[in-house]
Amino acid sequence: MDRLSNTVRPYAWGSTTAIPELLGIAPTGEPQAEMWMGAHPGAPSLLTRISSTATATGAEGPQQPLTDVIAAAPERELGRATVEKFGPRLPFLLKLLAAGAPLSLQVHPDLAQAKRGYEDEERRSVPIDAPHRTYKDANHKPELICALTPFAGLCGFRRPTEAAEAMAALGVDSLKPYVDLLGAHPEEAALREVLTAILGADPAEMAETVNLAAAAAERLGGAHAPYARIAHHFPGDPGVIAAMLLNYVELQPGEALFLGAGVPHAYLDGLGVEIMANSDNVLRCGLTPKHIDVPELLRIVRFEATDPGVLRPEASPTGEELYETPVDEFRLSRYDLSPGAAPVDLTRDAPQILLCTGGAPKAGDLDLTPGASVFVPSGEKVEVSGTGTLFRATVVV
């Protein structure tokens, strides 16, 4: 079992205070958006693998990226079943995510779409770091966000009639064509036509519409207030209008959302634990200065109204509270450890990352504090004890 040293990504939308407060350190004044735990090549966790010789001498070797540790002995670190099912890499990426401003409105492809898109861009020799590159890898990117604080987001299309009512209430003449479309077609056609029209509108005309809509949303408040806040961060962005097509969701601590392929979503505000398949594939559709591939986006989006499906963990007799999802690349659960309780055995024939989000629990002999994490190789004995909250990330094999 290895204590991890993790990279914090300073994306512009990140909160300047949420992650430092959890870690118990002073803010730097700069945004701290995501802390990555895992073996993503973009920012792998570092660990010090202590050998028996080092233990005897009291010396420690240099820190190594978790990617290198796994590459050196995939079956030892991940277990044979994981390697056979997912290949010789950690299938998931665990994060602390701290949104101080809205993230881009986005969707993720399914596995077949990702493979096809990646192979196409490779065949056309699109550089992997090109701003207009859409597919960074051949994997899908289902994800789960679990709130640690009150957490706001957008998730999936709402019914076209609801979106039409919200737009009509703003009293903006240039929104009337979208209102009419939303009420005049079957659900899928209505959502597709309106999103296509929003993304294809003249930029200057759309900017004026957004500004008028934002001012009206500010006046109305209530259910319209989130769109005024979004527009404050992205004035004139067509994503502000696209956001009105989606369900607005507020999670309480412990509640979660699962985001499957083709579901448009955006995180707006709050601190959470996020887990996802180990992929970078994102197709953006607003609230961003980055490239938007409209034709490919329209092929990927699932144009159907959905309930956001707020998840609450299922408790078991062992004390594990599991967030059920329909994917195998990750499995997230939570343990609330009580004073004086017997240690809980978490040994499993699969790789695990344990993340402390509160209190002072122990993982084996390692004392943990909020924000601390450890990597547990497949089959390694691990018991947790003490007082506090731990999240457990692993795979389904």
# chains A, B, ... in the order shown; residues from 1 in each chain; ligands from 1
>>> residues_around(residues="Ala18 in chain A", least_positions_apart="4", cutoff="10 Å", atoms="only C-alpha atoms", output="JSON, numbers by chain")
{"A": [14, 22, 23, 24, 27, 31, 32, 33, 96, 97, 98, 99, 100, 149, 270, 271, 272]}
>>> residues_around(residues="range 181-194 of chain A", least_positions_apart="3", cutoff="10 Å", atoms="only C-alpha atoms", output="list in words")
Phe157, Arg158, Arg159, Pro160, Thr161, Glu162, Ala163, Ala164, Glu165, Lys176, Pro177, Tyr178, Ala197, Ile198, Leu199, Gly200, Ile241, Ala242, Leu245, Leu298, Val301, Arg302, Phe303, Glu304 and Ala305 of chain A
>>> residues_around(residues="Gly117 in chain A", least_positions_apart="6", cutoff="12 Å", atoms="only C-alpha atoms", output="PyMOL selection string")
chain A and resi 108-111+123-124+126+133-140+281-283+296-297+299-300
>>> residues_around(residues="Lys85 in chain A", least_positions_apart="4", cutoff="10 Å", atoms="only C-alpha atoms", output="PDB file with C-alpha atoms, in the first residue's frame")
ATOM      1  CA  ARG A  80      -4.823 -10.806 -13.603  1.00  0.00           C
ATOM      2  CA  ALA A  81      -8.600 -10.338 -13.934  1.00  0.00           C
ATOM      3  CA  PRO A  91      -9.093   1.689 -15.812  1.00  0.00           C
ATOM      4  CA  ASP A 328     -17.242  -1.815 -14.981  1.00  0.00           C
ATOM      5  CA  GLU A 329     -14.290   0.583 -15.284  1.00  0.00           C
ATOM      6  CA  VAL A 396     -15.726  -4.435 -11.354  1.00  0.00           C
ATOM      7  CA  VAL A 397     -14.064  -7.749 -12.289  1.00  0.00           C
TER       8      VAL A 397
END
>>> closest_residue(among="A:Ala114, A:Ala152, A:Ala101, A:Ala266", to="Arg284 in chain A", atoms="only C-alpha atoms")
A:Ala266
>>> closest_residue(among="A:Phe375, A:His40, A:Val395, A:Pro88", to="Glu75 in chain A", atoms="only C-alpha atoms")
A:Pro88
>>> select_by_dssp(residues="range 162-276 of chain A", states="alpha helix (DSSP H)", output="JSON, numbers by chain")
{"A": [162, 163, 164, 165, 166, 167, 168, 176, 177, 178, 179, 180, 181, 182, 183, 184, 187, 188, 189, 190, 191, 192, 193, 194, 195, 196, 197, 198, 199, 200, 203, 204, 205, 206, 207, 208, 209, 210, 211, 212, 213, 214, 215, 216, 217, 218, 219, 220, 225, 226, 227, 228, 229, 230, 231, 232, 233, 239, 240, 241, 242, 243]}
>>> closest_residue(among="A:Val83, A:Ala216, A:Leu268, A:Val344", to="Gly364 in chain A", atoms="only C-alpha atoms")
A:Val344
>>> residues_around(residues="Ser45 in chain A", least_positions_apart="3", cutoff="7 Å", atoms="only C-alpha atoms", output="count of residues only")
9
>>> residues_around(residues="Val374 in chain A", least_positions_apart="2", cutoff="7 Å", atoms="only C-alpha atoms", output="list in words")
Met1, Asp2, Arg3, Leu4, Ile353, Leu354, Leu355 and Val376 of chain A
>>> write_last_selection(atoms="all heavy atoms", output="short mmCIF file (atom, residue, chain, number, x, y, z; two decimals), in the first residue's frame")
data_model
loop_
_atom_site.label_atom_id
_atom_site.label_comp_id
_atom_site.auth_asym_id
_atom_site.auth_seq_id
_atom_site.Cartn_x
_atom_site.Cartn_y
_atom_site.Cartn_z
N MET A 1 0.85 -1.18 0.00
CA MET A 1 0.00 0.00 0.00
C MET A 1 0.89 1.24 0.00
O MET A 1 1.88 1.30 0.73
CB MET A 1 -0.90 -0.02 1.24
CG MET A 1 -1.84 1.16 1.31
SD MET A 1 -3.11 0.94 2.56
CE MET A 1 -2.34 -0.06 3.80
N ASP A 2 0.55 2.21 -0.84
CA ASP A 2 1.44 3.35 -1.05
C ASP A 2 0.68 4.66 -0.91
O ASP A 2 -0.37 4.86 -1.55
CB ASP A 2 2.05 3.30 -2.46
CG ASP A 2 2.71 1.96 -2.75
OD1 ASP A 2 3.82 1.75 -2.25
OD2 ASP A 2 2.10 1.14 -3.47
N ARG A 3 1.23 5.57 -0.12
CA ARG A 3 0.66 6.91 -0.03
C ARG A 3 0.93 7.64 -1.35
O ARG A 3 2.03 7.56 -1.91
CB ARG A 3 1.29 7.66 1.13
CG ARG A 3 0.58 8.96 1.47
CD ARG A 3 1.34 9.72 2.56
NE ARG A 3 1.41 8.98 3.80
CZ ARG A 3 0.46 9.00 4.74
NH1 ARG A 3 -0.64 9.71 4.55
NH2 ARG A 3 0.61 8.32 5.86
N LEU A 4 -0.07 8.35 -1.85
CA LEU A 4 0.05 9.02 -3.14
C LEU A 4 0.32 10.51 -2.97
O LEU A 4 -0.19 11.16 -2.06
CB LEU A 4 -1.24 8.85 -3.95
CG LEU A 4 -1.60 7.42 -4.35
CD1 LEU A 4 -2.94 7.41 -5.10
CD2 LEU A 4 -0.51 6.79 -5.21
N ILE A 353 -7.95 2.67 -4.90
CA ILE A 353 -7.45 3.93 -4.35
C ILE A 353 -8.41 4.32 -3.23
O ILE A 353 -9.63 4.34 -3.42
CB ILE A 353 -7.35 5.04 -5.40
CG1 ILE A 353 -6.23 4.72 -6.40
CG2 ILE A 353 -7.07 6.39 -4.75
CD1 ILE A 353 -6.08 5.74 -7.52
N LEU A 354 -7.87 4.63 -2.06
CA LEU A 354 -8.65 5.07 -0.92
C LEU A 354 -8.37 6.56 -0.71
O LEU A 354 -7.21 6.98 -0.68
CB LEU A 354 -8.28 4.29 0.34
CG LEU A 354 -8.34 2.76 0.24
CD1 LEU A 354 -7.93 2.13 1.57
CD2 LEU A 354 -9.73 2.29 -0.17
N LEU A 355 -9.43 7.35 -0.56
CA LEU A 355 -9.34 8.79 -0.39
C LEU A 355 -10.04 9.20 0.89
O LEU A 355 -11.23 8.89 1.08
CB LEU A 355 -9.98 9.50 -1.59
CG LEU A 355 -10.24 11.01 -1.44
CD1 LEU A 355 -8.94 11.79 -1.33
CD2 LEU A 355 -11.10 11.51 -2.61
N VAL A 376 -3.69 0.82 -3.35
CA VAL A 376 -3.61 -0.54 -2.81
C VAL A 376 -3.54 -1.51 -3.98
O VAL A 376 -4.52 -1.66 -4.72
CB VAL A 376 -4.83 -0.87 -1.93
CG1 VAL A 376 -4.65 -2.24 -1.29
CG2 VAL A 376 -5.05 0.20 -0.87
#
>>> residues_around(residues="Leu251 in chain A", least_positions_apart="5", cutoff="10 Å", atoms="only C-alpha atoms", output="PyMOL selection string")
chain A and resi 145-153+256-257+270+272+310-311
>>> decode(residues="range 204-242 of chain A", atoms="N, CA and C atoms", output="CSV table (one decimal), in the first residue's frame")
chain,number,residue,atom,x,y,z
A,204,ALA,N,-22.9,37.4,-33.4
A,204,ALA,CA,-23.3,38.8,-32.9
A,204,ALA,C,-24.8,38.8,-32.5
A,205,GLU,N,-25.6,38.2,-33.3
A,205,GLU,CA,-27.1,38.1,-32.9
A,205,GLU,C,-27.3,37.3,-31.7
A,206,MET,N,-26.6,36.2,-31.6
A,206,MET,CA,-26.7,35.3,-30.4
A,206,MET,C,-26.2,36.0,-29.2
A,207,ALA,N,-25.1,36.7,-29.3
A,207,ALA,CA,-24.6,37.5,-28.1
A,207,ALA,C,-25.6,38.4,-27.6
A,208,GLU,N,-26.3,39.1,-28.5
A,208,GLU,CA,-27.3,40.1,-28.1
A,208,GLU,C,-28.5,39.3,-27.4
A,209,THR,N,-28.9,38.2,-27.9
A,209,THR,CA,-29.9,37.4,-27.3
A,209,THR,C,-29.5,36.9,-25.9
A,210,VAL,N,-28.3,36.5,-25.8
A,210,VAL,CA,-27.8,36.0,-24.5
A,210,VAL,C,-27.8,37.1,-23.5
A,211,ASN,N,-27.4,38.3,-23.9
A,211,ASN,CA,-27.3,39.4,-22.9
A,211,ASN,C,-28.7,39.8,-22.5
A,212,LEU,N,-29.7,39.8,-23.4
A,212,LEU,CA,-31.1,40.2,-23.1
A,212,LEU,C,-31.7,39.1,-22.2
A,213,ALA,N,-31.4,37.8,-22.5
A,213,ALA,CA,-31.9,36.7,-21.7
A,213,ALA,C,-31.3,36.8,-20.3
A,214,ALA,N,-30.0,37.1,-20.2
A,214,ALA,CA,-29.4,37.1,-18.9
A,214,ALA,C,-30.0,38.2,-18.0
A,215,ALA,N,-30.2,39.4,-18.6
A,215,ALA,CA,-30.8,40.5,-17.9
A,215,ALA,C,-32.2,40.1,-17.4
A,216,ALA,N,-33.0,39.5,-18.2
A,216,ALA,CA,-34.3,39.0,-17.8
A,216,ALA,C,-34.2,38.0,-16.7
A,217,ALA,N,-33.3,37.1,-16.8
A,217,ALA,CA,-33.2,36.0,-15.8
A,217,ALA,C,-32.8,36.6,-14.5
A,218,GLU,N,-31.9,37.7,-14.5
A,218,GLU,CA,-31.5,38.4,-13.3
A,218,GLU,C,-32.7,39.0,-12.6
A,219,ARG,N,-33.6,39.6,-13.4
A,219,ARG,CA,-34.8,40.3,-12.9
A,219,ARG,C,-35.8,39.3,-12.3
A,220,LEU,N,-36.0,38.1,-13.0
A,220,LEU,CA,-36.9,37.1,-12.6
A,220,LEU,C,-36.5,36.4,-11.3
A,221,GLY,N,-35.2,36.0,-11.3
A,221,GLY,CA,-34.6,35.3,-10.2
A,221,GLY,C,-35.3,33.9,-10.1
A,222,GLY,N,-35.3,33.3,-8.9
A,222,GLY,CA,-35.9,32.0,-8.7
A,222,GLY,C,-35.3,30.9,-9.6
A,223,ALA,N,-36.1,30.2,-10.4
A,223,ALA,CA,-35.6,29.1,-11.2
A,223,ALA,C,-34.7,29.7,-12.4
A,224,HIS,N,-34.8,31.0,-12.7
A,224,HIS,CA,-34.0,31.5,-13.7
A,224,HIS,C,-32.7,32.0,-13.3
A,225,ALA,N,-32.5,32.1,-12.0
A,225,ALA,CA,-31.2,32.7,-11.4
A,225,ALA,C,-30.0,32.0,-11.9
A,226,PRO,N,-30.0,30.6,-12.0
A,226,PRO,CA,-28.7,29.9,-12.4
A,226,PRO,C,-28.3,30.4,-13.8
A,227,TYR,N,-29.2,30.7,-14.7
A,227,TYR,CA,-28.8,31.1,-16.0
A,227,TYR,C,-28.2,32.5,-16.0
A,228,ALA,N,-28.6,33.4,-15.1
A,228,ALA,CA,-28.0,34.7,-15.0
A,228,ALA,C,-26.6,34.5,-14.4
A,229,ARG,N,-26.4,33.6,-13.5
A,229,ARG,CA,-25.0,33.3,-13.0
A,229,ARG,C,-24.1,32.8,-14.1
A,230,ILE,N,-24.6,31.8,-14.9
A,230,ILE,CA,-23.8,31.3,-16.0
A,230,ILE,C,-23.4,32.4,-16.9
A,231,ALA,N,-24.4,33.2,-17.3
A,231,ALA,CA,-24.1,34.3,-18.2
A,231,ALA,C,-23.1,35.3,-17.7
A,232,HIS,N,-23.1,35.5,-16.4
A,232,HIS,CA,-22.1,36.4,-15.8
A,232,HIS,C,-20.7,35.9,-16.1
A,233,HIS,N,-20.5,34.6,-16.1
A,233,HIS,CA,-19.2,34.0,-16.4
A,233,HIS,C,-18.9,33.9,-17.9
A,234,PHE,N,-20.0,33.7,-18.7
A,234,PHE,CA,-19.8,33.6,-20.1
A,234,PHE,C,-20.7,34.5,-20.9
A,235,PRO,N,-20.5,35.8,-20.8
A,235,PRO,CA,-21.4,36.8,-21.5
A,235,PRO,C,-21.4,36.5,-23.0
A,236,GLY,N,-22.6,36.5,-23.5
A,236,GLY,CA,-22.7,36.3,-25.0
A,236,GLY,C,-22.5,34.9,-25.5
A,237,ASP,N,-22.3,34.0,-24.7
A,237,ASP,CA,-22.0,32.6,-25.1
A,237,ASP,C,-23.3,31.9,-25.4
A,238,PRO,N,-23.4,31.2,-26.6
A,238,PRO,CA,-24.6,30.5,-26.9
A,238,PRO,C,-24.9,29.3,-25.9
A,239,GLY,N,-23.9,28.9,-25.2
A,239,GLY,CA,-24.1,27.8,-24.2
A,239,GLY,C,-25.1,28.3,-23.1
A,240,VAL,N,-25.2,29.6,-22.9
A,240,VAL,CA,-26.2,30.0,-21.9
A,240,VAL,C,-27.6,29.7,-22.3
A,241,ILE,N,-27.9,29.8,-23.6
A,241,ILE,CA,-29.3,29.4,-24.1
A,241,ILE,C,-29.4,27.9,-24.1
A,242,ALA,N,-28.3,27.2,-24.6
A,242,ALA,CA,-28.3,25.8,-24.6
A,242,ALA,C,-28.6,25.2,-23.2
